[in-house]
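Note: the block below is start-v9.cif and it holds mmCIF, C-alpha atoms and all ligand atoms.
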```
data_data
loop_
_atom_site.label_atom_id
_atom_site.label_comp_id
_atom_site.auth_asym_id
_atom_site.auth_seq_id
_atom_site.Cartn_x
_atom_site.Cartn_y
_atom_site.Cartn_z
CA MET A 111 -5.00 -4.77 37.29
CA LEU A 112 -6.97 -7.95 37.78
CA HIS A 113 -4.57 -10.11 35.91
CA ASN A 114 -0.82 -9.70 35.65
CA SER A 115 -0.75 -10.63 31.98
CA LEU A 116 -2.69 -7.45 31.29
CA SER A 117 -0.89 -4.13 30.92
CA GLU A 118 -2.71 -0.88 30.52
CA LEU A 119 -1.76 0.95 27.34
CA TYR A 120 -3.81 4.14 27.45
CA GLN A 121 -6.78 5.73 29.09
CA ASN A 122 -9.01 8.72 28.54
CA SER A 123 -12.37 9.85 29.89
CA LYS A 124 -14.26 7.56 27.53
CA GLY A 125 -12.27 4.36 27.73
CA THR A 126 -9.20 2.27 28.40
CA THR A 127 -7.00 -0.11 26.46
CA TRP A 128 -4.88 -3.01 27.63
CA GLN A 129 -2.51 -5.50 26.13
CA CYS A 130 -2.89 -9.14 27.09
CA ASP A 131 0.37 -11.08 26.89
CA LEU A 132 -1.37 -14.45 27.29
CA THR A 133 -3.77 -14.12 24.38
CA HIS A 134 -1.75 -11.57 22.37
CA ARG A 135 -4.79 -9.37 22.13
CA ILE A 136 -5.42 -5.66 22.50
CA PHE A 137 -8.49 -5.00 24.63
CA LEU A 138 -10.48 -1.87 24.03
CA LYS A 139 -13.08 -0.67 26.47
CA PHE A 140 -15.00 2.19 24.98
CA GLY A 141 -18.05 3.31 26.90
CA GLU A 142 -19.73 0.05 27.87
CA THR A 143 -18.27 -2.14 25.12
CA LEU A 144 -15.25 -4.35 25.48
CA THR A 145 -13.58 -5.52 22.28
CA ALA A 146 -10.53 -7.74 21.75
CA PHE A 147 -8.33 -7.28 18.69
CA LYS A 148 -5.33 -8.98 17.24
CA VAL A 149 -2.69 -6.33 16.92
CA GLN A 150 -2.91 -6.00 13.13
CA ASP A 151 -6.69 -5.81 13.31
CA PHE A 152 -6.36 -3.11 15.92
CA PHE A 153 -4.21 -1.07 13.55
CA ALA A 154 -6.68 -1.60 10.73
CA PHE A 155 -9.52 -0.50 13.02
CA ARG A 156 -7.61 2.64 13.95
CA ARG A 157 -7.06 3.51 10.31
CA LYS A 158 -10.75 3.02 9.66
CA VAL A 159 -11.74 5.37 12.48
CA ASN A 160 -9.20 7.91 11.25
CA ARG A 161 -10.83 7.88 7.82
CA VAL A 162 -14.17 9.14 9.18
CA ASN A 163 -14.77 12.55 7.63
CA ILE A 164 -15.04 14.80 10.68
CA HIS A 165 -15.37 17.94 8.59
CA GLU A 166 -18.55 16.61 6.98
CA MET A 167 -19.93 15.93 10.45
CA ILE A 168 -19.16 19.47 11.55
CA PHE A 169 -20.27 21.43 8.51
CA ASN A 170 -23.07 19.36 7.05
CA LEU A 171 -26.26 20.39 8.81
CA SER A 172 -28.30 17.43 7.65
CA ASP A 173 -29.33 15.02 10.44
CA ASP A 174 -27.51 12.21 8.62
CA TYR A 175 -24.24 13.73 9.68
CA ASP A 176 -24.97 13.97 13.40
CA TYR A 177 -23.80 10.40 13.86
CA GLU A 178 -21.32 8.19 12.09
CA LEU A 179 -21.69 4.44 12.08
CA VAL A 180 -18.38 2.84 13.03
CA GLU A 181 -18.46 -0.87 12.35
CA ASP A 182 -16.06 -3.73 12.67
CA PRO A 183 -18.29 -6.76 12.21
CA ARG A 184 -15.57 -9.31 12.93
CA HIS A 185 -15.09 -7.81 16.37
CA ASN A 186 -18.69 -7.03 17.21
CA PHE A 187 -18.00 -3.35 17.29
CA SER A 188 -20.92 -1.47 15.81
CA HIS A 189 -21.77 1.95 17.15
CA LYS A 190 -23.34 5.13 15.98
CA LEU A 191 -20.93 7.70 17.31
CA THR A 192 -21.31 11.43 17.72
CA LEU A 193 -18.58 13.79 16.60
CA CYS A 194 -17.39 14.12 20.17
CA GLU A 195 -17.25 10.34 20.62
CA ILE A 196 -15.31 9.91 17.37
CA VAL A 197 -12.73 12.40 18.61
CA GLN A 198 -12.46 10.57 21.92
CA LEU A 199 -12.19 7.19 20.21
CA ARG A 200 -9.46 8.52 17.94
CA ASP A 201 -7.55 9.85 20.93
CA LEU A 202 -7.86 6.48 22.64
CA LEU A 203 -6.69 4.58 19.55
CA ASP A 204 -3.84 7.00 18.82
CA GLY A 205 -2.63 6.92 22.41
CA THR A 206 -2.77 3.12 22.38
CA LYS A 207 -0.86 2.91 19.14
CA PHE A 208 1.76 5.20 20.62
CA SER A 209 2.22 2.85 23.60
CA ILE A 210 2.38 -0.24 21.37
CA ASP A 211 4.95 1.37 19.08
CA MET A 212 6.93 2.72 22.01
CA ASN A 213 7.06 -0.74 23.56
CA SER A 214 8.16 -2.20 20.23
CA MET A 215 10.85 0.45 19.88
CA LEU A 216 12.14 -0.21 23.40
CA HIS A 217 12.37 -3.92 22.59
CA GLU A 218 14.31 -3.10 19.45
CA VAL A 219 16.74 -0.83 21.28
CA LEU A 220 17.11 -2.71 24.54
CA GLY A 221 16.84 -6.26 23.28
CA GLU A 222 15.44 -9.13 25.30
CA VAL A 223 14.49 -7.43 28.51
CA GLU A 224 11.27 -7.74 30.43
CA LEU A 225 9.47 -4.46 30.20
CA VAL A 226 6.86 -3.53 32.74
CA ILE A 227 4.92 -0.42 31.92
CA GLN A 228 2.70 0.72 34.73
CA MET B 128 5.09 -6.56 28.17
CA LYS B 129 5.52 -8.51 24.96
CA ASP B 130 6.29 -6.82 21.67
CA LEU B 131 3.12 -7.94 19.87
CA VAL B 132 3.88 -5.99 16.71
CA ARG B 133 7.24 -7.63 16.20
CA LEU B 134 5.87 -11.07 17.07
CA ARG B 135 3.29 -10.66 14.38
CA THR B 136 5.37 -9.10 11.60
CA SER B 137 8.77 -7.75 10.65
CA LEU B 138 7.03 -5.00 8.67
CA LYS B 139 6.71 -1.58 10.17
CA GLU B 140 3.36 0.00 9.49
CA GLU B 141 4.76 2.75 7.28
CA ILE B 142 6.59 0.17 5.13
CA GLU B 143 3.44 -1.93 4.86
CA ILE B 144 1.59 1.15 3.62
CA VAL B 145 4.17 2.09 0.96
CA LEU B 146 4.44 -1.53 -0.22
CA ASN B 147 0.68 -1.73 -0.66
CA ALA B 148 0.82 1.56 -2.58
CA GLN B 149 3.57 0.14 -4.80
CA ALA B 150 1.58 -3.05 -5.44
CA LYS B 151 -1.28 -0.83 -6.56
CA MET B 152 1.03 1.14 -8.83
CA GLU B 153 2.26 -2.07 -10.51
CA ALA B 154 -1.31 -3.27 -10.99
CA GLU B 155 -2.16 0.12 -12.51
CA ALA B 156 0.84 -0.14 -14.84
CA SER B 157 -0.45 -3.52 -15.97
CA GLN B 158 -3.85 -2.04 -16.81
CA LYS B 159 -2.24 0.91 -18.61
CA TYR B 160 -0.12 -1.38 -20.81
CA LEU B 161 -3.17 -3.48 -21.55
CA ALA B 162 -5.09 -0.42 -22.76
CA MET B 163 -2.09 0.58 -24.89
CA ALA B 164 -1.86 -2.91 -26.37
CA SER B 165 -5.53 -2.80 -27.28
CA TRP B 166 -5.14 0.61 -28.97
CA LEU B 167 -2.09 -0.61 -30.92
CA ASP B 168 -3.90 -3.77 -31.95
CA ARG B 169 -6.91 -1.93 -33.32
CA SER B 170 -4.63 0.59 -35.06
CA GLY B 171 -2.87 -2.19 -36.95
CA TYR B 172 0.38 -2.33 -34.97
CA GLU B 173 0.17 -6.03 -34.32
CA LYS B 174 3.72 -6.74 -33.28
CA THR B 175 4.07 -3.86 -30.83
CA ALA B 176 0.66 -4.74 -29.43
CA GLU B 177 2.03 -8.18 -28.63
CA TYR B 178 5.04 -6.57 -26.95
CA LEU B 179 2.81 -4.47 -24.71
CA TYR B 180 0.54 -7.41 -23.87
CA LYS B 181 3.68 -9.04 -22.55
CA GLN B 182 4.57 -5.90 -20.58
CA ALA B 183 1.09 -5.95 -19.06
CA GLU B 184 1.69 -9.50 -17.87
CA GLU B 185 5.07 -8.57 -16.44
CA GLU B 186 3.56 -5.72 -14.45
CA ARG B 187 0.98 -8.12 -13.11
CA GLU B 188 3.84 -10.32 -11.94
CA HIS B 189 5.52 -7.34 -10.28
CA PHE B 190 2.25 -6.66 -8.50
CA LEU B 191 1.99 -10.25 -7.25
CA LYS B 192 5.62 -10.30 -6.17
CA ILE B 193 5.04 -7.37 -3.80
CA PHE B 194 1.62 -8.61 -2.74
CA LYS B 195 3.01 -12.00 -1.70
CA TYR B 196 6.01 -10.45 0.01
CA ILE B 197 3.75 -8.39 2.27
CA THR B 198 1.93 -11.53 3.39
CA GLU B 199 5.15 -13.52 3.69
CA VAL B 200 6.54 -11.13 6.27
CA GLY B 201 3.29 -11.03 8.21
CA GLY B 202 1.71 -7.89 6.84
CA THR B 203 -1.72 -7.34 5.36
CA ALA B 204 -1.78 -7.21 1.55
CA LEU B 205 -4.76 -5.25 0.29
CA THR B 206 -6.29 -5.90 -3.12
CA PRO B 207 -6.00 -2.55 -4.86
CA THR B 208 -8.84 -0.76 -6.60
CA ILE B 209 -7.78 0.44 -10.02
CA GLY B 210 -9.62 3.36 -11.57
CA ASP B 211 -10.14 4.09 -15.26
CA VAL B 212 -7.00 4.18 -17.37
CA GLN B 213 -6.42 6.05 -20.64
CA GLN B 214 -7.90 4.11 -23.57
CA ASP B 215 -7.12 6.42 -26.50
CA PHE B 216 -3.85 7.87 -27.65
CA VAL B 217 -3.03 10.69 -30.04
CA SER B 218 -0.38 8.75 -31.94
CA PHE B 219 1.80 5.66 -32.15
CA LYS B 220 4.68 7.64 -30.67
CA ASN B 221 2.52 9.09 -27.90
CA VAL B 222 1.96 5.57 -26.52
CA PHE B 223 5.67 5.22 -25.89
CA GLU B 224 6.09 8.71 -24.49
CA LEU B 225 3.46 7.84 -21.90
CA ALA B 226 5.06 4.45 -21.25
CA LEU B 227 8.40 6.11 -20.48
CA GLN B 228 6.76 8.69 -18.23
CA ASN B 229 5.05 5.93 -16.33
CA GLU B 230 8.23 3.90 -15.92
CA ILE B 231 10.02 6.98 -14.56
CA ALA B 232 7.24 7.52 -12.05
CA VAL B 233 7.57 3.87 -10.97
CA THR B 234 11.35 4.20 -10.58
CA ASN B 235 10.88 7.28 -8.40
CA ALA B 236 8.36 5.49 -6.22
CA ILE B 237 10.67 2.50 -5.80
CA ASN B 238 13.60 4.73 -4.87
CA LYS B 239 11.47 6.38 -2.21
CA ILE B 240 10.65 2.98 -0.71
CA VAL B 241 14.34 2.08 -0.55
CA ALA B 242 15.07 5.39 1.19
CA LYS B 243 12.24 4.73 3.66
CA CYS B 244 13.57 1.21 4.35
CA ARG B 245 16.95 2.67 5.26
CA GLU B 246 15.33 5.26 7.47
CA VAL B 247 13.56 2.60 9.57
CA ASN B 248 16.32 -0.06 9.35
CA ASP B 249 14.23 -2.52 7.33
CA TYR B 250 17.09 -4.12 5.43
CA ALA B 251 15.11 -7.20 4.44
CA THR B 252 12.63 -5.10 2.49
CA GLU B 253 15.44 -3.00 1.09
CA GLU B 254 17.08 -6.16 -0.23
CA PHE B 255 13.74 -7.32 -1.65
CA MET B 256 13.27 -3.97 -3.40
CA MET B 257 16.69 -4.18 -5.05
CA TRP B 258 15.24 -6.59 -7.59
CA PHE B 259 12.85 -3.79 -8.61
CA VAL B 260 15.64 -1.21 -8.74
CA LYS B 261 17.42 -3.36 -11.30
CA GLU B 262 14.23 -4.14 -13.17
CA GLN B 263 13.43 -0.43 -13.50
CA ARG B 264 16.82 0.29 -15.00
CA GLU B 265 15.95 -2.19 -17.77
CA GLU B 266 12.37 -0.99 -18.17
CA GLU B 267 13.45 2.63 -18.54
CA ARG B 268 16.10 1.66 -21.04
CA ASN B 269 13.57 -0.27 -23.14
CA ALA B 270 11.07 2.59 -23.08
CA ARG B 271 13.80 5.04 -24.14
CA ARG B 272 14.95 2.73 -26.88
CA ALA B 273 11.43 2.68 -28.35
CA LEU B 274 11.40 6.49 -28.51
CA GLU B 275 14.86 6.46 -30.02
CA LEU B 276 13.56 4.27 -32.84
CA PHE B 277 11.02 6.98 -33.64
CA GLU B 278 13.98 9.33 -34.13
CA LEU B 279 15.77 6.89 -36.40
CA ILE B 280 12.85 5.73 -38.52
CA ASP B 281 10.55 8.35 -40.01
CA GLU B 282 6.85 7.75 -39.58
CA SER B 283 5.93 7.30 -43.23
CA ALA B 284 3.66 4.37 -44.11
CA ALA B 285 6.63 2.08 -44.68
CA GLY B 286 8.36 3.55 -41.65
CA LYS B 287 5.43 2.70 -39.42
CA PHE B 288 5.57 -0.86 -40.63
CA THR B 289 9.28 -1.06 -39.79
CA LEU B 290 8.77 0.68 -36.43
CA ASP B 291 6.13 -1.88 -35.49
CA LYS B 292 8.58 -4.70 -36.17
CA GLU B 293 11.61 -3.04 -34.55
CA ILE B 294 9.91 -1.91 -31.35
CA ALA B 295 8.57 -5.43 -30.85
CA LYS B 296 12.17 -6.71 -30.84
CA ILE B 297 13.20 -4.56 -27.86
CA GLY B 298 14.07 -6.57 -24.80
CA GLU B 299 14.33 -9.83 -26.71
FE FE C 301 6.85 -2.91 -12.77
FE FE C 302 7.47 -1.46 -15.80
#
```

Would you give me this structure, written as structure tokens?
Amino acid sequence: MLHNSLSELYQNSKGTTWQCDLTHRIFLKFGETLTAFKVQDFFAFRRKVNRVNIHEMIFNLSDDYDYELVEDPRHNFSHKLTLCEIVQLRDLLDGTKFSIDMNSMLHEVLGEVELVIQ
Amino acid sequence: MKDLVRLRTSLKEEIEIVLNAQAKMEAEASQKYLAMASWLDRSGYEKTAEYLYKQAEEEREHFLKIFKYITEVGGTALTPTIGDVQQDFVSFKNVFELALQNEIAVTNAINKIVAKCREVNDYATEEFMMWFVKEQREEERNARRALELFELIDESAAGKFTLDKEIAKIGE
């Protein structure tokens, strides 16, 4: 990693996420876009993406359902995503949340220790 | 790696979600009591109407109490959207049958939150919720007492007049 305050949280074919301990932000690189979230905003964003109705996108043949607009104006994230991209974004967000929660759980169990997840 | 979640809030996500749901339920209860009060008022039951207006205000306070707690511990309190509530009732007695049903549903929801708090070791929220546990015991008792009065006083014209006065005295 470029900077030692950054720890990678999760990665898939479409993107990567990191945690920055200096700024207390979660960085999300999805395709070409890089977005920084406060942790609670990251969780809210994940819930929003999880609310997208994938079944509509699959079964509704109208062109309107080929793409879904995923917006988070406060974080300059505004993309029309295909079904496949939504699934990849969800995987990235879920995997990231898992790492964040796991880290939190380890802190709770182990106490004040310095955790380095590589 | 820092524990960003814990630095930000003592609320676990699942507790934040159930607390927001409970805030919504309290706000809904407030709207339901308000609709009941309006029906009672236009049906001539002035005193009981007043009693339910007061209940509506209390539920609003319950809502705010939870709402502010969520923010106090670093969570995100969401303003709930309340749908349509029942505006018409089949009878005077029916209003109180529904009120009791609703209070029971609230008690059940609160108990579930306490159980969840224990599951995830959130003792601060459990302690906070204990106020509601106690409150529900009272609210259920009051709602049952109202129905009991319908058993004791027959619903003749004079009886209705007495019922209106007696129910309004509950919880004084
Ligand atoms: Fe309440
Ligand atoms: Fe109540």

Surroundings of ligand FE 301 (chain C) up to 6 Å, based on all atoms listed in the file, as a PDB file with C-alpha atoms, in the coordinates of the input:
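Result saved to part_15.pdb:
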```
ATOM      1  CA  GLU B 153       2.260  -2.070 -10.510  1.00  0.00           C
ATOM      2  CA  GLU B 186       3.560  -5.720 -14.450  1.00  0.00           C
ATOM      3  CA  HIS B 189       5.520  -7.340 -10.280  1.00  0.00           C
TER       4      HIS B 189
END
```

- Message: Using all atoms listed in the file, which residues of the polymer chains come no farther than 7 Å from ligand FE 302 (chain C)? I'd like the answer as a list in words.
- Response: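 Using all atoms listed in the file, everything at most 7 Å from ligand FE 302 (chain C) comes to Ala156, Glu186, Glu230, Gln263 and Glu266 of chain B.
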
- For Leu161 (chain B), list every protein, DNA or RNA residue within 10 Å, evaluated using only C-alpha atoms, and leave out those in the same chain fewer than 3 positions away; present the list as a PyMOL selection string. chain B and resi 155-158+164-167+176-177+179-184+212+214

Once you count only C-alpha atoms, which residues of chain A turn out to be within 10 Å of chain B? Could you give them as a tab-separated table (two decimals) with C-alpha atoms, in the coordinates of the input?
```tsv
chain	number	residue	atom	x	y	z
A	115	SER	CA	-0.75	-10.63	31.98
A	116	LEU	CA	-2.69	-7.45	31.29
A	117	SER	CA	-0.89	-4.13	30.92
A	118	GLU	CA	-2.71	-0.88	30.52
A	129	GLN	CA	-2.51	-5.50	26.13
A	130	CYS	CA	-2.89	-9.14	27.09
A	131	ASP	CA	0.37	-11.08	26.89
A	132	LEU	CA	-1.37	-14.45	27.29
A	134	HIS	CA	-1.75	-11.57	22.37
A	135	ARG	CA	-4.79	-9.37	22.13
A	136	ILE	CA	-5.42	-5.66	22.50
A	148	LYS	CA	-5.33	-8.98	17.24
A	149	VAL	CA	-2.69	-6.33	16.92
A	150	GLN	CA	-2.91	-6.00	13.13
A	151	ASP	CA	-6.69	-5.81	13.31
A	153	PHE	CA	-4.21	-1.07	13.55
A	154	ALA	CA	-6.68	-1.60	10.73
A	210	ILE	CA	2.38	-0.24	21.37
A	211	ASP	CA	4.95	1.37	19.08
A	212	MET	CA	6.93	2.72	22.01
A	213	ASN	CA	7.06	-0.74	23.56
A	214	SER	CA	8.16	-2.20	20.23
A	215	MET	CA	10.85	0.45	19.88
A	216	LEU	CA	12.14	-0.21	23.40
A	217	HIS	CA	12.37	-3.92	22.59
A	218	GLU	CA	14.31	-3.10	19.45
A	222	GLU	CA	15.44	-9.13	25.30
A	223	VAL	CA	14.49	-7.43	28.51
A	224	GLU	CA	11.27	-7.74	30.43
A	225	LEU	CA	9.47	-4.46	30.20
A	226	VAL	CA	6.86	-3.53	32.74
A	227	ILE	CA	4.92	-0.42	31.92
```

- 10 Å contact set for Phe152 (chain A), all atoms listed in the file, chain neighbours under 4 positions out, as a list in words: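 Surrounding residues, per the criterion: Arg135, Ile136, Phe137, Leu138, Thr145, Ala146, Phe147, Lys148, Arg156, Arg157, Lys158, His185, Leu203, Thr206 and Lys207 of chain A.
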
- Extract, using all atoms listed in the file, all DNA, RNA and protein residues at most 9 Å from Tyr175 (chain A), discarding same-chain residues fewer than 4 positions from it, and format them as a list in words.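 Residues near the query, excluding close chain neighbours: Glu166, Met167, Ile168, Phe169, Asn170, Leu171, Thr192 and Leu193 of chain A.
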